[in-house]
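Asker: Below you will find the structure I want to go over with you.
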Amino acid sequence: MKQTAEEQSIENRIADLIRRMTVAEKIGQMNQMCLGDGSLSDEISQQIRAGRVGAVLNAVDADTVNTLQRIAVEESRLGIPLLVGRDVIHGYRMILPIPLGQAASWNEGLVEAGARLAALEASTHGINWTFAPMIDIARDARWGRIAESFGEDPYLASQLGVAMIRGYQGDDLTAAGSIAACAKHFAGYGASEGGRDYSTTNIPENELRNVYFRPFKAAVDTGVCTIMASFSDLNGIPATANEFLMRQVLRDEWEFDGIVVSDYNSIPQLCDHGLTADDRQAACEAVTAGVSMDMASGSYEKHLEGLIGGGDIDIAIVDQLVADVLRVKARLGLFENPYTTVDSDNTVANTDAARLARDAALQSVVMLKNDDRLLPLSTEKLSSIAVIGPLADDSYEQLGTWIFDADINAGVSCLQGIRNLAGDALDIHYVKALETSRSQSSDAFDEARDAARNADVVLLFLGEESILSGEAHCRADISLPGAQAELVRRVREAGTPVVGVILAGRPLVLTDVIDDLDAVLYAWHPGAMGGPAIAELLFGLESPSGKLPATFPRAVGQIPIYYNQKNSGRPAIGNEVVLIDDIPVRAAQTSFGMTAYHLDAGFKPLFAFGFGLSFAEFSYSNITTSSDELAIGESLIVSADLSNTGFVAATEVVQLYIRDVAASVTRPVRELKGFRRIHVEPGQTVKVSFELSIADLAFYGRDNRLRTEPGEFQIWIGGDSTADLGTAFQVTGGE
Ligand code: BGC
């Protein structure tokens, strides 16, 4: 690759430093030390002074970070500044919706702005490196980390991952407020068996390349500074020791030249995986695979010198990995400007931050149901409402996972949001009914039912507390926890219309409650400003515009269930399947079925990928392509008309799907290839166009190389992944 003058000067500086470094100093650059409680110890200071630390983890106060940097820059022999890493995942002080919620906005600009805000806040506290975005494809809602993901689709995750990286890193990495991003976890972590965190994955190379790698390739192409190895075992070789991932794919094929960081202690954990007999061998495997930095374990620090001295590791390999670390530091401008200037403490007092958090929450909420147009509520038509449920008035539990540095007093609960908006006009009766989302006691259910009976409408706030999703927080049963389903039934007995607002870190299985709710807003963990945003949606100041970034199963046994599945040789289609209660006694073995479905759950999800309702009514028509054929090097325009046939202005997320009808490797039944948020006035029709190029249609073939093959492609434009407005074109030639 041709280098710019700036890159050349960075490489010269790196080469010069490496020439002057001792082996111990080189190993120091590969060592990230955890500060534990965030404070400075003598041991850490000494280690930094001795040049034995390249990065720290979990220092979050500017004075401490400046002290650390001063030791590194002024008191260590070579004066190399430190990287200061922290999990800044969906906000720093001001918490935005969890990443899965942000994904439901299908809004790259919003995701970028959220990351920018978080970077600004975090960088004032001395942080120059975040461990985000998590761009693991997540097709299993049992996995607690689905909350941190952008969902199940490689295209959506790629677009939003790139947006988040742009937000953290900015246009200029050396500018104040830009911090290094980390695309994680490479690779396949989201496919952990059984949806159990950290467990094994077995993913064929073709599936890796077509699905799991896609967002990472996009991240590398957009210049992400760092990549984190996954904790998980991939096809028998844990990612931390996986040369195929870190060397062949990342370095050789994609030309990534930033830092590959291990996950927390994942180097010694190679022994727990059963890959290595001891910590020394684990360090050897990780270096050989191409892991440039050891997060937290100290294994490199303990063993690398001996491994190099004993000839197990060539110093040239170490030099390359050290160069990765120095390169990121140079790109961030840390050699020139290692210190944090605290001129203003970016806190949530900042109204722009609060507005952005509210906008993000507004756009992330997905309306799943709205029978008889129960929503929006009108303060003119109602006189009293009952607000019920364990998550109605809890500004902490709406924040979600990874909120280490949140200003937890800044959040506005849903009840407070409703009171602020409608408290003067309506009589609001609040009953918590359950102490937490997990509580089993039904002692307060009579009170809840009576409150429902005396109200014109019930707003029922259900879901999961923050701690029930996120890392290591997986669930085998993903229905509403505790006695919440029973609460729904009891409230229903009152006969008053019920709106369910669900706050959760994953798609829950809602099958047992959905019929007892007249309307449902799915709010994920909406962050600090979830309360005002949800109130605005309930009372129609804004229309819901979120769309599902992950499929909602009917039953947990359907998992993995995702829209872009392969067709199989015997797909179940239409509504033709016979379910368990309709099977005649002693039916002959082949008298029904013989297609791919569950007797007790059918084959459809409860809610499909891309789905989400609006207060407006949208209809699609007139799909056209600019040509019936597409040849190598060309592109075509696909368009459709989107009409708002309802009575309110609203935003629709228009989605483009394709299907490669026959290919040398079977292709999904549908693949998302484009999306746009379009604002439409009532009565207005807008023509929405997408450009599709040959490259957009490419997939990894039998030889695992990217190609577009000739033949028929079907396309659909619509409001979700089941859109039926479609047409087709032919690819001629291909590549
Ligand atoms: C997680 C990473 C995280 C790291 C540092 C690990 O347990 O898997 O995603 O960045 O901890 O906190």
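Scheme for the structure tokens: letters A, B, ... for chains in order shown; per-chain residue numbers from 1; ligand numbers from 1 in order shown.
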Find the residues near ligand 1. Use a cut-off of 9 Å, count only C-alpha atoms and all ligand atoms, and write them as a PyMOL selection string.
Answerer: chain A and resi 57-58+85-89+130-132+134+182+184-185+198+228+230-231+262-266+295-296+471-472
Asker: Can those selected residues be exported to a file as an mmCIF file, in the first residue's frame so that it contains C-alpha atoms?
Answerer:
```cif
data_model
loop_
_atom_site.group_PDB
_atom_site.id
_atom_site.type_symbol
_atom_site.label_atom_id
_atom_site.label_comp_id
_atom_site.auth_asym_id
_atom_site.auth_seq_id
_atom_site.Cartn_x
_atom_site.Cartn_y
_atom_site.Cartn_z
ATOM 1 C CA LEU A 57 -7.541 0.001 31.825
ATOM 2 C CA ASN A 58 -10.190 1.638 33.977
ATOM 3 C CA GLY A 85 -8.887 2.194 27.800
ATOM 4 C CA ARG A 86 -12.435 2.009 29.118
ATOM 5 C CA ASP A 87 -15.721 0.417 28.157
ATOM 6 C CA VAL A 88 -17.639 3.409 26.840
ATOM 7 C CA ILE A 89 -20.434 1.507 25.173
ATOM 8 C CA THR A 130 -12.966 2.743 24.075
ATOM 9 C CA PHE A 131 -13.820 -0.917 23.674
ATOM 10 C CA ALA A 132 -16.678 -0.339 21.248
ATOM 11 C CA MET A 134 -19.423 -4.529 19.556
ATOM 12 C CA CYS A 182 -12.236 -1.066 19.113
ATOM 13 C CA LYS A 184 -15.055 -6.444 18.961
ATOM 14 C CA HIS A 185 -15.083 -9.410 19.390
ATOM 15 C CA TYR A 198 -18.105 -17.465 26.499
ATOM 16 C CA MET A 228 -10.457 -7.182 20.243
ATOM 17 C CA SER A 230 -13.177 -12.840 21.238
ATOM 18 C CA PHE A 231 -13.193 -14.941 24.391
ATOM 19 C CA SER A 262 -6.846 -9.805 23.844
ATOM 20 C CA ASP A 263 -10.034 -9.824 25.862
ATOM 21 C CA TYR A 264 -9.790 -9.514 29.637
ATOM 22 C CA ASN A 265 -7.489 -12.328 30.822
ATOM 23 C CA SER A 266 -8.231 -14.275 27.661
ATOM 24 C CA MET A 295 -5.378 -7.081 28.451
ATOM 25 C CA ALA A 296 -5.003 -7.390 32.204
ATOM 26 C CA GLU A 471 -21.980 -9.821 29.551
ATOM 27 C CA ALA A 472 -22.384 -13.169 31.283
#
```
Asker: Applying 10 Å and only C-alpha atoms, which residues near Tyr189 in chain A remain after dropping the ones on its own chain fewer than 6 positions away? List them as a list in words.
Answerer: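 So, after excluding close chain neighbours, the residues are Ile135, Asp136, Ile137, Ala138, Trp143, Arg145, Gly195, Asp197, Tyr198, Ser199, Thr200, Thr201, Tyr212, Ala229, Ser230, Phe231, Ser232, Asp233, Leu234 and Ala239 of chain A.
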Asker: Quick one: residues within 12 Å of range 622-633 of chain A, only C-alpha atoms counted, chain neighbours fewer than 5 positions away excluded, as a VMD selection string?
Answerer: chain A and resid 638 to 643 656 685 to 698 707 to 718 723 to 735
Asker: Nearest to Ser619 in chain A: which of A:Val680, A:Ala533, A:Ala72, A:Ala663 is it, counting only C-alpha atoms?
Answerer: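 Nearest to Ser619 in chain A: A:Val680.
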Asker: Could you check the closest approach to Ala433 in chain A for each of A:Pro268, A:Gly470, A:Gly482, A:Gly646 and tell me which residue wins, using only C-alpha atoms?
Answerer: A:Gly482
Asker: Restricting the calculation to only C-alpha atoms: of A:Glu152, A:Glu74, A:Glu634, A:Gly298, which residue gets closest to Val56 in chain A?
Answerer: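 So, comparing all the options, the nearest one is A:Gly298.
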